[in-house]
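Accompanying notes for the structure given below.
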Amino acid sequence: MKQLRIQLKMNSYNIFIEDDILNHLSFYIKEVYSNKKIYIVTDDIVGKLYLEAVKKSLKEYEIESVVIPHGEASKSIDMYTTVIKELLDKDIRRNELLLALGGGVIGDLTGFVASTLYRGLPYVSVPTSLLSQMDSSIGGKTGIDFYERKNILGCFKQPKLVLIDPKVLSTLSKREWNNGMGELIKHAAIGNKKLFGMLKHKPDIDEEIIYQSLSVKQAVVEKDEFDTKERMLLNFGHTFGHAIELKLGLKHGEAVALGMLMVLRFGIDLGLTDEVCYKELKEIIKLYDLPYDEPNYKEYLLEIAKDKKNLAGKIQMVLLSSIGKAFLYPVEEKHLKELI
Ligand SMILES: NC(=O)c1ccc[n+]([C@@H]2O[C@H](COP(=O)([O-])OP(=O)(O)OC[C@H]3O[C@@H](n4cnc5c(N)ncnc54)[C@H](O)[C@@H]3O)[C@@H](O)[C@H]2O)c1
Ligand SMILES: [Zn+2]
């Protein structure tokens, strides 16, 4: 078993990473919650695989569950209201607990419900995809997509507890696996040289690897809970990644893998990044069978300048000085055009 604690000014919380934790969830939940009823939100795929086991492990509680369709389309305002209506129909009260059982979609949506229903309910996260286990389940970002923009409605709301069972990863599809692997490699590259070294041996993704990956996110979240400075380092590979994701029909993590190589090339051309760093990263990306033949970043610079997610006037590029050491490199929008 591995344990982490996210230490914030308010609302600090624990993360437990343990094989088969799914079978004894109440052991941990009773430390943070003393009422009788728990409302599980999950999707149809995860629900079919794990809802019964989860209910069994929470047998001292009265359980209600809301099962929604899987996939990003469920991070919508319609699904948000559907879930809330179902919870109200099941008579949820202000001090009762929500439990998010699923990947990042379930985590983001349930967290958003938890932050708004009755102006805030407690929630526990039980992430089941690789991406949610090694990344999205901590940090407190919740939200939904709206008006064709991802994560545009949302807020910061920390969970009471995060319980991670690496064993459930055995049922993930190859593409979902890739999706998480891209981000896991990113965490190693920006802040954990030791993890990067471990990944070279292609280990099983177990408690230790998830712990090492989460510790990178923990460090930046603790320094910058509301994403104004250090936390932006997590965007390594994302500026170019976002530009190519839809265009090339890639999963997010696959686009991030290519995006990391594109921004390193950008860094090399500006004399800020070492070629060795690029080569090392490419080797790892290849090893995990992710796309590694990156497009020329110059073709995407203009598009990046138009990306509405950027702060007005400036683009914060994330670069590496060496493996495990990332830094922010602000570029004025107008200077991007000169680089082409
Ligand atoms: N809040 C944050 O900090 C943060 C960070 C990164 C990404 N995100 C969000 O996370 C979402 C993506 O998360 P995701 O990749 O987990 O997507 P997801 O929740 O859609 O899960 C991917 C697929 O895998 C299935 N699945 C999940 N666990 C499984 C298991 N153990 N076995 C078999 N199938 C399983 C799901 O049913 C789904 O079909 C995006 O909406 C993204 O915006 C949030
Ligand atoms: Zn990402």
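Ordering of the structure tokens sets the chain letters (A, B, ...); residue numbers start at 1 within each chain; ligands are numbered from 1 in the order shown.
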Practice item. Enumerate residues in contact with ligand 1: an atom-to-atom distance of at most 8 Å, counting only C-alpha atoms and all ligand atoms. Format the result as a VMD selection string. Key: chain A and resid 43 to 46 49 70 to 72 75 102 to 108 127 to 132 135 to 144 150 to 151 168 to 173 176 179 to 180 252
Those same residues, written as a PDB file, in the first residue's frame with C-alpha atoms?
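Contents of selection-v7.pdb, freshly written:
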```pdb
ATOM      1  CA  ASP A  43     -20.706   4.895 -16.177  1.00  0.00           C
ATOM      2  CA  ASP A  44     -22.234   1.876 -17.894  1.00  0.00           C
ATOM      3  CA  ILE A  45     -18.897   0.158 -18.677  1.00  0.00           C
ATOM      4  CA  VAL A  46     -17.320   0.598 -15.255  1.00  0.00           C
ATOM      5  CA  LEU A  49     -17.482  -4.406 -14.250  1.00  0.00           C
ATOM      6  CA  HIS A  70     -19.637   6.277 -20.826  1.00  0.00           C
ATOM      7  CA  GLY A  71     -17.584   8.778 -22.809  1.00  0.00           C
ATOM      8  CA  GLU A  72     -16.770  12.468 -23.022  1.00  0.00           C
ATOM      9  CA  LYS A  75     -19.537  15.741 -19.500  1.00  0.00           C
ATOM     10  CA  GLY A 102     -14.913   5.633 -13.048  1.00  0.00           C
ATOM     11  CA  GLY A 103     -12.483   7.510 -15.246  1.00  0.00           C
ATOM     12  CA  GLY A 104     -11.875  11.229 -15.604  1.00  0.00           C
ATOM     13  CA  VAL A 105     -15.296  11.863 -17.104  1.00  0.00           C
ATOM     14  CA  ILE A 106     -17.072  10.490 -14.052  1.00  0.00           C
ATOM     15  CA  GLY A 107     -14.591  12.250 -11.756  1.00  0.00           C
ATOM     16  CA  ASP A 108     -14.992  15.680 -13.390  1.00  0.00           C
ATOM     17  CA  PRO A 127     -10.686   6.416 -10.166  1.00  0.00           C
ATOM     18  CA  THR A 128     -10.586   3.396 -12.481  1.00  0.00           C
ATOM     19  CA  SER A 129      -8.822   4.467 -15.698  1.00  0.00           C
ATOM     20  CA  LEU A 130      -5.045   4.871 -15.877  1.00  0.00           C
ATOM     21  CA  LEU A 131      -5.463   8.566 -16.658  1.00  0.00           C
ATOM     22  CA  SER A 132      -7.686   9.194 -13.663  1.00  0.00           C
ATOM     23  CA  ASP A 135      -3.566  12.271 -12.785  1.00  0.00           C
ATOM     24  CA  SER A 136      -7.127  13.614 -12.854  1.00  0.00           C
ATOM     25  CA  SER A 137      -8.408  12.252  -9.536  1.00  0.00           C
ATOM     26  CA  ILE A 138      -6.223  14.626  -7.540  1.00  0.00           C
ATOM     27  CA  GLY A 139      -5.957  18.376  -7.731  1.00  0.00           C
ATOM     28  CA  GLY A 140      -9.620  19.260  -7.367  1.00  0.00           C
ATOM     29  CA  LYS A 141     -10.408  20.420 -10.888  1.00  0.00           C
ATOM     30  CA  THR A 142     -14.008  19.574 -11.720  1.00  0.00           C
ATOM     31  CA  GLY A 143     -16.145  20.530 -14.674  1.00  0.00           C
ATOM     32  CA  ILE A 144     -18.083  19.872 -17.829  1.00  0.00           C
ATOM     33  CA  LYS A 150     -13.848  21.495 -23.071  1.00  0.00           C
ATOM     34  CA  ASN A 151     -13.962  22.020 -19.310  1.00  0.00           C
ATOM     35  CA  VAL A 168      -8.827  -2.599 -12.114  1.00  0.00           C
ATOM     36  CA  LEU A 169      -6.497  -1.389 -14.867  1.00  0.00           C
ATOM     37  CA  SER A 170      -6.411  -4.956 -16.198  1.00  0.00           C
ATOM     38  CA  THR A 171      -9.763  -4.398 -17.951  1.00  0.00           C
ATOM     39  CA  LEU A 172      -8.766  -1.185 -19.761  1.00  0.00           C
ATOM     40  CA  SER A 173      -8.645  -1.150 -23.558  1.00  0.00           C
ATOM     41  CA  GLU A 176      -7.441   4.010 -22.934  1.00  0.00           C
ATOM     42  CA  ASN A 179      -4.298   7.770 -23.081  1.00  0.00           C
ATOM     43  CA  GLY A 180      -2.987   7.392 -19.547  1.00  0.00           C
ATOM     44  CA  HIS A 252      -5.605  12.936 -25.731  1.00  0.00           C
TER      45      HIS A 252
END
```
Can I get the residues of chain A within 8 Å of ligand 2, each with the closest pair of atoms and their distance in Å to one decimal, using only C-alpha atoms and all ligand atoms, sorted chain first then ascending number, as a tab-separated table?
```
residue	atom	partner	partner_atom_place_in_ligand_line	distance
A:Glu183	CA	ligand 2	1 (Zn)	6.3
A:Leu234	CA	ligand 2	1 (Zn)	7.9
A:Asn235	CA	ligand 2	1 (Zn)	7.0
A:His238	CA	ligand 2	1 (Zn)	6.5
A:His252	CA	ligand 2	1 (Zn)	6.4
A:Gly253	CA	ligand 2	1 (Zn)	6.5
A:Val256	CA	ligand 2	1 (Zn)	6.8
```
Point to revise | Given only C-alpha atoms as the counted atoms, nearest of A:Tyr123, A:Tyr80, A:Trp177, A:Tyr329 to A:Asp289 | key: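 Of all the options, A:Trp177 lies closest to A:Asp289.
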Practice item. Tell me which of A:Gly249, A:Asp293, A:Glu207, A:Ala326 sits closest to A:Thr273, counting only C-alpha atoms. Key: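 With only C-alpha atoms as the atom set, the closest residue is A:Ala326.
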Practice item. Find the residue from A:His242, A:Lys174, A:Lys337, A:Arg94 that sits nearest to A:Ala305; use only C-alpha atoms when measuring. Key: A:Lys337
Name all residues at most 8 Å from A:Gln7 (count only C-alpha atoms; drop same-chain ones fewer than 5 positions away) and give them as a PDB file with N, CA and C atoms, in the first residue's frame.
```
ATOM      1  N   SER A  12      -7.257  19.511   3.102  1.00  0.00           N
ATOM      2  CA  SER A  12      -6.224  18.520   2.763  1.00  0.00           C
ATOM      3  C   SER A  12      -6.874  17.141   2.730  1.00  0.00           C
ATOM      4  N   TYR A  13      -6.280  16.211   1.987  1.00  0.00           N
ATOM      5  CA  TYR A  13      -6.895  14.872   1.922  1.00  0.00           C
ATOM      6  C   TYR A  13      -5.869  13.799   1.592  1.00  0.00           C
ATOM      7  N   GLU A 222       0.150  21.416  -4.654  1.00  0.00           N
ATOM      8  CA  GLU A 222       0.345  22.017  -3.322  1.00  0.00           C
ATOM      9  C   GLU A 222       0.920  23.431  -3.426  1.00  0.00           C
TER      10      GLU A 222
END
```
Check your understanding: A:Ile92: which residues within 12 Å, counting only C-alpha atoms, same-chain residues fewer than 6 positions away excluded, as a count of residues only?
Key -> 21
